[in-house]
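**Student:** If you scroll down you'll find the structure; I have some questions about it.
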Amino acid sequence: MSGAKIAPDDLRVIVATDCGSTTTKAILIEVVDGHYRQTYRGEAPTTVEAPFEDVTIGVLNAIAEIEDLSGRKILDEQGRIITPASEGRGVDIYISTSSAGGGLQMLVAGAVKTMTAESAQRAALGAGAIVMDVLASNDGRLPHEKIERIRELRPDMILLSGGTDGGTVSHVVELAEYIAAANPRPRLGGGYRLPVIYAGNRDAREQVRKLLADKMELFIVDNLRPTLERENLWPARQKIQELFLEHVMAQAPGYKKLMAMTGAPIMPTPAAMGTMIQTIAEQRQVNVLGVDIGGATTDVFSSFRVEGVDEPVFNRTVSANLGMSYSISNVMARAGIDNVLRWVAFETEQAPLRDAIKNKMIRPTTIPQQLEDLQIEQALAREALRGSLEEHRSLAVGLKGVQTERTISEALSQEGSGASLVDMMRLDLIVGSGGVLSHAPRRAQSMMMMLDAFEPEGVTRLAVDSIFMMPHLGVLSTIHPRASAEVFERDCMIPLGTAIAPRGQARRFGARCLRYRVELPGGEVREGELAFGDLVRIPLAREQRATVHLEPARGFDVGAGPKKARTVEVSGGEVGLVLDGRGRPLRMEQDKAKRFAQLSRWYEAMDLYPRLTAATRS
């Protein structure tokens, strides 16, 4: 099936799977009333590990569930996917993404930690990899420590970069010597040589080839930092994904069979998610922040338009130790118990809380059984999201090391070389995914978690992925952009609404930070003053729009400049329009009793929980 070439317009019935580390999720997409819709969904345990050691078993089980639900026969008697589709039978194409078996794990190396090594890290992350470590000539480790680290990691592949074209070759050659001395073994499969991609100074290519070509599978691509002022990440990213299929996936149990089944290249799940974020940004011409919070890791994606640069700048980061089950103890350790408990509106002892968190770590599939447990889980989610965004902003930066030439550096002049590109005032859309966001009991809880963790400024729309469908649609967008866009709009993205959050601070809680006038559909008008420290929620349905006139007080900015009025048109959603006057950065009462009362007001304004928020744990 993988060799079949089908015109996009002929693809009317599509089955897509995402092979996750624990669960394989399948969706059926069909043309309904002239539009592509996601019609049925199935899932099954992933079977890449013992005792099955064949990923296709889980895939076929998930597709079989779709068969049962839809009544459409998709598999023949031998368990093969029937193609092409006919009336009530078969599909036109099967596509898949995968993060099973730990996904793509890479080691990256660059001459200077804050320049070429950071560019290499961005290239690997953008290709969907988990970066196990970043080596650099100036990372402070001794040569033997670097060699030991390379040897012990056992990555799927290595990305080596360093030096601008025509510059010094000594540092990158030194890194190649360390890799050659370590002679690392690949994580999967003992019978093939570890792939190494060289994307550094072209003048060092022959020396790198002499050091590595006899020991490893060496691939040379264009320098990812040809000059200080320019990054060229695409050739390295393209080669990473190509090798992921040809070398890494081919060694994982059952993946050769899976690749033969698919009608398009299998993509790493994070790369497919990133592709969908980029597609949204391009189609809507907006700045987008996406997050996928899982059990072990949290991925953050951003696509921002930068003045003077033709294409939006895309970045992805992986917070490998910030998740909601396997890594939940790391969230507590990193954030600190006080930062977690600041989101909880009732008194609780620390010892039972720590026990509950450790139970979640060793029993990752459990869900909260009581309202208080749910609040604690969502408090932890806020801190995981907050920490992940901090890591993302530290990597999604302008180019470091720029000195005299003023090409991209001029485009980043508003933030300065090396400053983060993620400007929350310029952010148009936040899209959340992952169980704690997609499956929150109330949509307002999802919106509140993202508002508290990310602290968007100005006017920002928020949405969630309904059933973690974005990776499926990301790979679909590479072969049928229209189908991907239609399913995303109608079945995947659930608009939560729009948040308006003035940037600034007041001397005291209760002071006016904003006057507002909201012209709602049907002629209704809501107007008033937003007090510092308060939240106001105005119902505005998913298909509705409203015109909002904003007059910020002294010291506050809603996107037009300090104290400058602004009129905007906003869209609604499951939650509606939220006026967030809690300050940026968000400010909370320090006294515990006052903070409990403050949280209770916020949660009541958002109708976040049943009215038991202030109750103590029994």
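All residue names refer to the structure tokens as shown: chains lettered A, B, ... in order, residues numbered from 1 in each chain, ligands numbered from 1 in order.
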Using only C-alpha atoms, which protein or nucleic acid residues come within 12 Å of stretch 31-33 of chain A? Drop anything in the same chain fewer than 6 positions from it, and give the result as a list in words.
**Tutor:** Asp9, Asp10, Leu11, Arg12, Val13, Ile14, Thr39, Val91, Asp92, Arg482, Ala483, Ser484, Glu486, Val487 and Arg490 of chain A
**Student:** Given the selection you just returned, output its residues as a file containing C-alpha atoms, formatted as a tab-separated table (two decimals), in the first residue's frame.
**Tutor:**
chain	number	residue	atom	x	y	z
A	9	ASP	CA	-9.49	14.47	-4.24
A	10	ASP	CA	-9.87	10.69	-4.49
A	11	LEU	CA	-9.30	10.23	-0.76
A	12	ARG	CA	-12.83	10.08	0.66
A	13	VAL	CA	-12.41	7.43	3.38
A	14	ILE	CA	-9.27	7.65	5.53
A	39	THR	CA	-16.84	9.79	12.30
A	91	VAL	CA	-10.58	2.76	2.97
A	92	ASP	CA	-8.73	4.86	0.39
A	482	ARG	CA	-8.17	20.46	2.96
A	483	ALA	CA	-9.32	17.28	4.71
A	484	SER	CA	-7.03	18.02	7.66
A	486	GLU	CA	-11.99	20.61	7.77
A	487	VAL	CA	-11.73	17.89	10.41
A	490	ARG	CA	-15.39	20.71	12.85
**Student:** Give me, as a VMD selection string, all polymer residues having an atom no more than 9 Å from stretch 460-470 of chain A, counting only C-alpha atoms and skipping those fewer than 3 positions away in the same chain.
**Tutor:** chain A and resid 18 25 27 272 to 274 276 to 277 292 424 to 435 437 to 439 443 446 to 447 450 to 451 456 to 457 473 to 475 488 491 to 501 570 to 573
**Student:** Output N, CA and C atoms for every residue in that selection, as a compact mmCIF listing (two decimals), in the first residue's frame.
**Tutor:**
# COMPACT_ATOMS: atom_id res chain seq x y z
N ASP A 18 -2.42 6.68 15.69
CA ASP A 18 -1.28 7.21 16.43
C ASP A 18 -0.86 6.14 17.42
N LYS A 25 -4.31 4.81 19.06
CA LYS A 25 -5.60 5.46 18.82
C LYS A 25 -5.85 5.53 17.32
N ILE A 27 -8.65 6.68 14.15
CA ILE A 27 -9.83 7.47 13.79
C ILE A 27 -10.20 7.18 12.34
N ALA A 272 4.31 15.38 14.00
CA ALA A 272 2.98 15.53 13.40
C ALA A 272 2.18 16.61 14.12
N MET A 273 2.28 16.63 15.45
CA MET A 273 1.60 17.68 16.23
C MET A 273 2.16 19.06 15.85
N GLY A 274 3.47 19.14 15.71
CA GLY A 274 4.09 20.40 15.31
C GLY A 274 3.67 20.83 13.92
N MET A 276 0.83 20.25 12.58
CA MET A 276 -0.53 20.78 12.66
C MET A 276 -0.52 22.19 13.24
N ILE A 277 0.32 22.45 14.22
CA ILE A 277 0.43 23.80 14.78
C ILE A 277 0.88 24.78 13.69
N ASP A 292 1.02 19.92 24.57
CA ASP A 292 0.54 18.55 24.74
C ASP A 292 1.12 18.04 26.05
N MET A 424 3.82 37.08 24.78
CA MET A 424 2.44 36.75 25.14
C MET A 424 1.45 37.83 24.72
N MET A 425 1.90 39.05 24.55
CA MET A 425 0.99 40.10 24.08
C MET A 425 0.66 39.92 22.60
N ARG A 426 1.56 39.34 21.83
CA ARG A 426 1.35 39.12 20.40
C ARG A 426 0.72 37.76 20.11
N LEU A 427 0.50 36.97 21.14
CA LEU A 427 -0.06 35.63 20.95
C LEU A 427 -1.55 35.72 20.61
N ASP A 428 -1.96 35.02 19.54
CA ASP A 428 -3.35 35.05 19.10
C ASP A 428 -4.16 33.85 19.59
N LEU A 429 -3.53 32.68 19.67
CA LEU A 429 -4.27 31.45 19.92
C LEU A 429 -3.44 30.49 20.76
N ILE A 430 -4.06 29.89 21.78
CA ILE A 430 -3.46 28.80 22.56
C ILE A 430 -4.30 27.55 22.34
N VAL A 431 -3.65 26.45 21.98
CA VAL A 431 -4.34 25.18 21.78
C VAL A 431 -3.76 24.17 22.76
N GLY A 432 -4.61 23.61 23.62
CA GLY A 432 -4.18 22.63 24.62
C GLY A 432 -4.58 21.22 24.24
N SER A 433 -3.72 20.27 24.57
CA SER A 433 -4.00 18.86 24.31
C SER A 433 -3.42 18.03 25.44
N GLY A 434 -3.88 16.80 25.53
CA GLY A 434 -3.46 15.93 26.62
C GLY A 434 -4.61 15.70 27.59
N GLY A 435 -4.59 14.57 28.28
CA GLY A 435 -5.73 14.14 29.07
C GLY A 435 -6.23 15.16 30.08
N LEU A 437 -6.20 18.30 30.06
CA LEU A 437 -6.86 19.43 29.42
C LEU A 437 -8.06 18.98 28.57
N SER A 438 -7.84 17.95 27.74
CA SER A 438 -8.91 17.51 26.83
C SER A 438 -10.07 16.86 27.58
N HIS A 439 -9.79 16.21 28.71
CA HIS A 439 -10.82 15.45 29.40
C HIS A 439 -11.19 16.03 30.76
N ARG A 443 -15.18 22.39 30.79
CA ARG A 443 -14.29 23.09 29.86
C ARG A 443 -13.66 24.32 30.52
N SER A 446 -10.27 23.60 31.91
CA SER A 446 -9.19 23.60 30.91
C SER A 446 -8.72 25.02 30.64
N MET A 447 -9.68 25.92 30.44
CA MET A 447 -9.32 27.31 30.14
C MET A 447 -8.58 27.94 31.32
N MET A 450 -4.90 26.86 31.65
CA MET A 450 -4.01 27.51 30.68
C MET A 450 -3.83 28.99 30.99
N LEU A 451 -4.90 29.66 31.45
CA LEU A 451 -4.77 31.07 31.83
C LEU A 451 -3.80 31.22 33.00
N PRO A 456 -1.50 34.59 29.41
CA PRO A 456 -1.55 35.37 28.16
C PRO A 456 -1.92 36.81 28.44
N GLU A 457 -1.47 37.70 27.57
CA GLU A 457 -1.71 39.13 27.73
C GLU A 457 -2.50 39.67 26.54
N LEU A 473 -4.10 14.48 12.32
CA LEU A 473 -4.37 15.51 11.32
C LEU A 473 -3.08 16.14 10.82
N GLY A 474 -2.04 16.12 11.64
CA GLY A 474 -0.76 16.63 11.19
C GLY A 474 -0.19 15.83 10.04
N VAL A 475 -0.20 14.50 10.16
CA VAL A 475 0.30 13.68 9.06
C VAL A 475 -0.66 13.75 7.88
N PHE A 488 -10.17 19.41 11.50
CA PHE A 488 -9.69 20.19 12.63
C PHE A 488 -10.74 21.19 13.08
N ASP A 491 -14.29 18.96 14.14
CA ASP A 491 -14.31 17.84 15.09
C ASP A 491 -13.17 17.84 16.09
N CYS A 492 -12.07 18.50 15.77
CA CYS A 492 -10.89 18.41 16.64
C CYS A 492 -10.83 19.57 17.62
N MET A 493 -10.77 20.78 17.11
CA MET A 493 -10.58 21.93 18.00
C MET A 493 -11.90 22.37 18.61
N ILE A 494 -11.94 22.41 19.93
CA ILE A 494 -13.10 22.91 20.65
C ILE A 494 -12.77 24.32 21.17
N PRO A 495 -13.37 25.36 20.59
CA PRO A 495 -13.08 26.72 21.07
C PRO A 495 -13.60 26.89 22.51
N LEU A 496 -12.73 27.39 23.37
CA LEU A 496 -13.14 27.67 24.74
C LEU A 496 -13.64 29.10 24.87
N GLY A 497 -13.10 30.00 24.05
CA GLY A 497 -13.50 31.39 24.10
C GLY A 497 -12.32 32.31 23.99
N THR A 498 -12.49 33.54 24.43
CA THR A 498 -11.46 34.57 24.33
C THR A 498 -11.18 35.14 25.72
N ALA A 499 -9.90 35.32 26.00
CA ALA A 499 -9.49 35.95 27.26
C ALA A 499 -8.91 37.32 26.97
N ILE A 500 -9.31 38.30 27.76
CA ILE A 500 -8.74 39.65 27.69
C ILE A 500 -8.05 39.91 29.02
N ALA A 501 -6.74 40.07 28.97
CA ALA A 501 -5.94 40.20 30.20
C ALA A 501 -5.02 41.41 30.09
N VAL A 570 -14.30 39.78 19.20
CA VAL A 570 -13.88 38.53 19.81
C VAL A 570 -14.88 37.43 19.48
N SER A 571 -14.39 36.19 19.52
CA SER A 571 -15.23 35.02 19.25
C SER A 571 -15.50 34.28 20.55
N GLY A 572 -16.62 33.55 20.57
CA GLY A 572 -17.01 32.83 21.77
C GLY A 572 -16.53 31.39 21.77
N GLY A 573 -17.09 30.63 22.70
CA GLY A 573 -16.70 29.23 22.83
C GLY A 573 -17.46 28.59 23.97
**Student:** Run DSSP on the backbone and grab whatever in stretch 99-305 of chain A lands in helix (DSSP H, G or I); send it over as a PyMOL selection string.
**Tutor:** chain A and resi 100-102+116-126+143-153+170-182+202-212+234-251+255-261+269-284
**Student:** Hey, what's within 9 Å of A:Val248 if we count only C-alpha atoms and toss same-chain stuff fewer than 3 positions away? As a list in words, please?
**Tutor:**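 That gives Leu104, Asp156, Met157, Pro186, Arg187, Leu188, Gly189, Pro195, Leu243, Phe244, Leu245, Gln251 and Ala252 of chain A.
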**Student:** Taking only C-alpha atoms into account, which of A:Ile95, A:Met361, A:Leu228, A:Ile29 comes nearest A:Ile66?
**Tutor:**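 Of the candidates, the smallest distance to A:Ile66 is held by A:Ile29.
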**Student:** For A:Gln38, which of A:Asp76, A:Cys513, A:Ala485, A:Asn232 is the closest residue, counting only C-alpha atoms?
**Tutor:**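 Selected residue with least distance to A:Gln38: A:Ala485.
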**Student:** Kindly give the distance, in Å, that separates atom CA of A:Gly398 and atom CA of A:Ala419, rounded to a single decimal.
**Tutor:**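 A separation of 5.6 Å between them.
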**Student:** Stretch 147-329 of chain A: which residues are strand (DSSP E or B) by DSSP, as an mmCIF file with C-alpha atoms, in the first residue's frame?
**Tutor:**
data_model
loop_
_atom_site.group_PDB
_atom_site.id
_atom_site.type_symbol
_atom_site.label_atom_id
_atom_site.label_comp_id
_atom_site.auth_asym_id
_atom_site.auth_seq_id
_atom_site.Cartn_x
_atom_site.Cartn_y
_atom_site.Cartn_z
ATOM 1 C CA MET A 157 20.942 8.937 16.311
ATOM 2 C CA ILE A 158 23.368 11.827 16.805
ATOM 3 C CA LEU A 159 23.243 15.321 15.295
ATOM 4 C CA LEU A 160 26.670 16.974 15.147
ATOM 5 C CA PRO A 195 23.260 7.115 12.260
ATOM 6 C CA VAL A 196 25.186 10.376 12.690
ATOM 7 C CA ILE A 197 24.112 13.535 10.878
ATOM 8 C CA TYR A 198 26.805 16.161 10.356
ATOM 9 C CA GLU A 217 26.478 5.570 9.355
ATOM 10 C CA LEU A 218 27.476 9.147 8.525
ATOM 11 C CA PHE A 219 25.189 11.558 6.660
ATOM 12 C CA ILE A 220 26.269 15.073 5.690
ATOM 13 C CA THR A 227 26.501 32.321 9.335
ATOM 14 C CA ARG A 230 21.153 32.772 9.812
ATOM 15 C CA MET A 267 5.784 10.625 11.325
ATOM 16 C CA PRO A 268 6.973 10.900 14.931
ATOM 17 C CA VAL A 288 0.036 30.087 17.949
ATOM 18 C CA LEU A 289 1.153 28.381 21.149
ATOM 19 C CA GLY A 290 0.333 24.674 21.451
ATOM 20 C CA VAL A 291 0.860 22.311 24.366
ATOM 21 C CA ASP A 292 0.543 18.550 24.744
ATOM 22 C CA ILE A 293 0.718 17.507 28.395
ATOM 23 C CA THR A 298 5.012 17.964 28.162
ATOM 24 C CA ASP A 299 5.630 19.255 24.639
ATOM 25 C CA VAL A 300 5.264 22.961 23.861
ATOM 26 C CA PHE A 301 5.054 24.277 20.286
ATOM 27 C CA SER A 302 5.069 27.854 19.043
ATOM 28 C CA SER A 303 4.794 29.539 15.664
ATOM 29 C CA PHE A 304 5.400 33.299 15.677
ATOM 30 C CA VAL A 313 9.467 30.935 13.238
ATOM 31 C CA PHE A 314 8.528 27.502 14.600
ATOM 32 C CA ASN A 315 9.929 26.013 17.799
ATOM 33 C CA ARG A 316 9.242 22.923 19.857
ATOM 34 C CA THR A 317 10.529 21.895 23.264
ATOM 35 C CA VAL A 318 10.118 18.753 25.353
ATOM 36 C CA SER A 319 10.004 18.965 29.121
#
**Student:** Taking 2 positions as the minimum chain separation for residues in the same chain, which residues sit within 9 Å of A:Leu69 when counting only C-alpha atoms? Answer as a PDB file with N, CA and C atoms, in the first residue's frame.
**Tutor:**
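Everything below was put into part.pdb:
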ATOM      1  N   TYR A  40     -15.684   7.986  13.485  1.00  0.00           N
ATOM      2  CA  TYR A  40     -15.577   6.949  14.514  1.00  0.00           C
ATOM      3  C   TYR A  40     -14.149   6.909  15.045  1.00  0.00           C
ATOM      4  N   ARG A  41     -14.041   6.421  16.277  1.00  0.00           N
ATOM      5  CA  ARG A  41     -12.743   6.349  16.944  1.00  0.00           C
ATOM      6  C   ARG A  41     -12.618   5.022  17.675  1.00  0.00           C
ATOM      7  N   GLY A  42     -11.443   4.428  17.608  1.00  0.00           N
ATOM      8  CA  GLY A  42     -11.173   3.202  18.356  1.00  0.00           C
ATOM      9  C   GLY A  42      -9.791   3.261  18.975  1.00  0.00           C
ATOM     10  N   ALA A  64     -10.041  -2.597  14.306  1.00  0.00           N
ATOM     11  CA  ALA A  64     -11.160  -3.529  14.461  1.00  0.00           C
ATOM     12  C   ALA A  64     -12.274  -2.912  15.307  1.00  0.00           C
ATOM     13  N   GLU A  65     -11.901  -2.082  16.296  1.00  0.00           N
ATOM     14  CA  GLU A  65     -12.928  -1.413  17.096  1.00  0.00           C
ATOM     15  C   GLU A  65     -13.718  -0.430  16.239  1.00  0.00           C
ATOM     16  N   ILE A  66     -13.028   0.260  15.321  1.00  0.00           N
ATOM     17  CA  ILE A  66     -13.732   1.145  14.393  1.00  0.00           C
ATOM     18  C   ILE A  66     -14.694   0.342  13.527  1.00  0.00           C
ATOM     19  N   GLU A  67     -14.253  -0.825  13.085  1.00  0.00           N
ATOM     20  CA  GLU A  67     -15.139  -1.695  12.304  1.00  0.00           C
ATOM     21  C   GLU A  67     -16.423  -2.009  13.069  1.00  0.00           C
ATOM     22  N   GLY A  71     -19.634  -0.433  11.482  1.00  0.00           N
ATOM     23  CA  GLY A  71     -20.239  -1.416  10.593  1.00  0.00           C
ATOM     24  C   GLY A  71     -19.557  -1.488   9.241  1.00  0.00           C
ATOM     25  N   ARG A  72     -18.463  -0.785   9.092  1.00  0.00           N
ATOM     26  CA  ARG A  72     -17.718  -0.786   7.828  1.00  0.00           C
ATOM     27  C   ARG A  72     -16.616  -1.830   7.888  1.00  0.00           C
TER      28      ARG A  72
END
**Student:** Would you mind listing, for every residue of stretch 457-547 of chain A within 10 Å of stretch 596-608 of chain A, the two atoms forming the shortest contact and the distance between them in Å to one decimal, using only C-alpha atoms, sorted by chain and ascending residue number, as CSV?
**Tutor:**
residue,atom,partner,partner_atom,distance
A:Gly533,CA,A:Gln598,CA,8.2
A:Asp534,CA,A:Trp602,CA,7.0
A:Leu535,CA,A:Trp602,CA,6.0
A:Val536,CA,A:Ala605,CA,6.3
A:Arg537,CA,A:Met606,CA,6.2
A:Ile538,CA,A:Met606,CA,9.4
**Student:** With only C-alpha atoms as the atoms that count, which of A:Arg354, A:Arg503, A:His171, A:Arg225 lies nearest to A:Gly561?
**Tutor:**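 Closest residue, counting only C-alpha atoms: A:Arg503.
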**Student:** Give me the residues within 12 Å of A:Pro364 as a PyMOL selection string, counting only C-alpha atoms and dropping any in the same chain fewer than 4 places off.
**Tutor:** chain A and resi 22+294-296+323-329+356-360+368+435
**Student:** May I have the residues from that selection written out with C-alpha atoms, as a tab-separated table (two decimals), in the first residue's frame?
**Tutor:**
chain	number	residue	atom	x	y	z
A	22	THR	CA	0.75	2.83	25.95
A	294	GLY	CA	1.17	13.77	28.82
A	295	GLY	CA	2.01	11.32	31.57
A	296	ALA	CA	5.78	11.55	31.29
A	323	GLY	CA	4.11	15.05	33.20
A	324	MET	CA	0.94	14.07	35.00
A	325	SER	CA	1.64	10.45	35.96
A	326	TYR	CA	5.12	8.94	35.52
A	327	SER	CA	6.77	12.34	36.10
A	328	ILE	CA	4.32	13.89	38.54
A	329	SER	CA	6.78	13.71	41.45
A	356	ALA	CA	-1.25	10.81	46.78
A	357	ILE	CA	1.29	12.12	44.26
A	358	LYS	CA	3.51	9.06	44.65
A	359	ASN	CA	0.47	6.79	44.23
A	360	LYS	CA	-0.30	8.55	40.96
A	368	PRO	CA	-9.31	11.64	40.76
A	435	GLY	CA	-5.73	14.14	29.07
**Student:** Give me, as number ranges by chain, all polymer residues having an atom no more than 10 Å from A:Leu341, counting only C-alpha atoms and skipping those fewer than 2 positions away in the same chain.
**Tutor:** A: 336-339, 343-348, 350, 353, 375-376, 379-380
**Student:** Given only C-alpha atoms as the basis, pick out the residue of A:Leu153, A:Ala236, A:Met249, A:Leu212 nearest to A:Leu224.
**Tutor:**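 Using only C-alpha atoms, the shortest distance to A:Leu224 belongs to A:Ala236.
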**Student:** My list of candidates is A:Leu586, A:Leu540, A:Ile266, A:Val578. Which is closest to A:Phe454 when distances are computed with only C-alpha atoms?
**Tutor:**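 Closest residue, counting only C-alpha atoms: A:Leu586.
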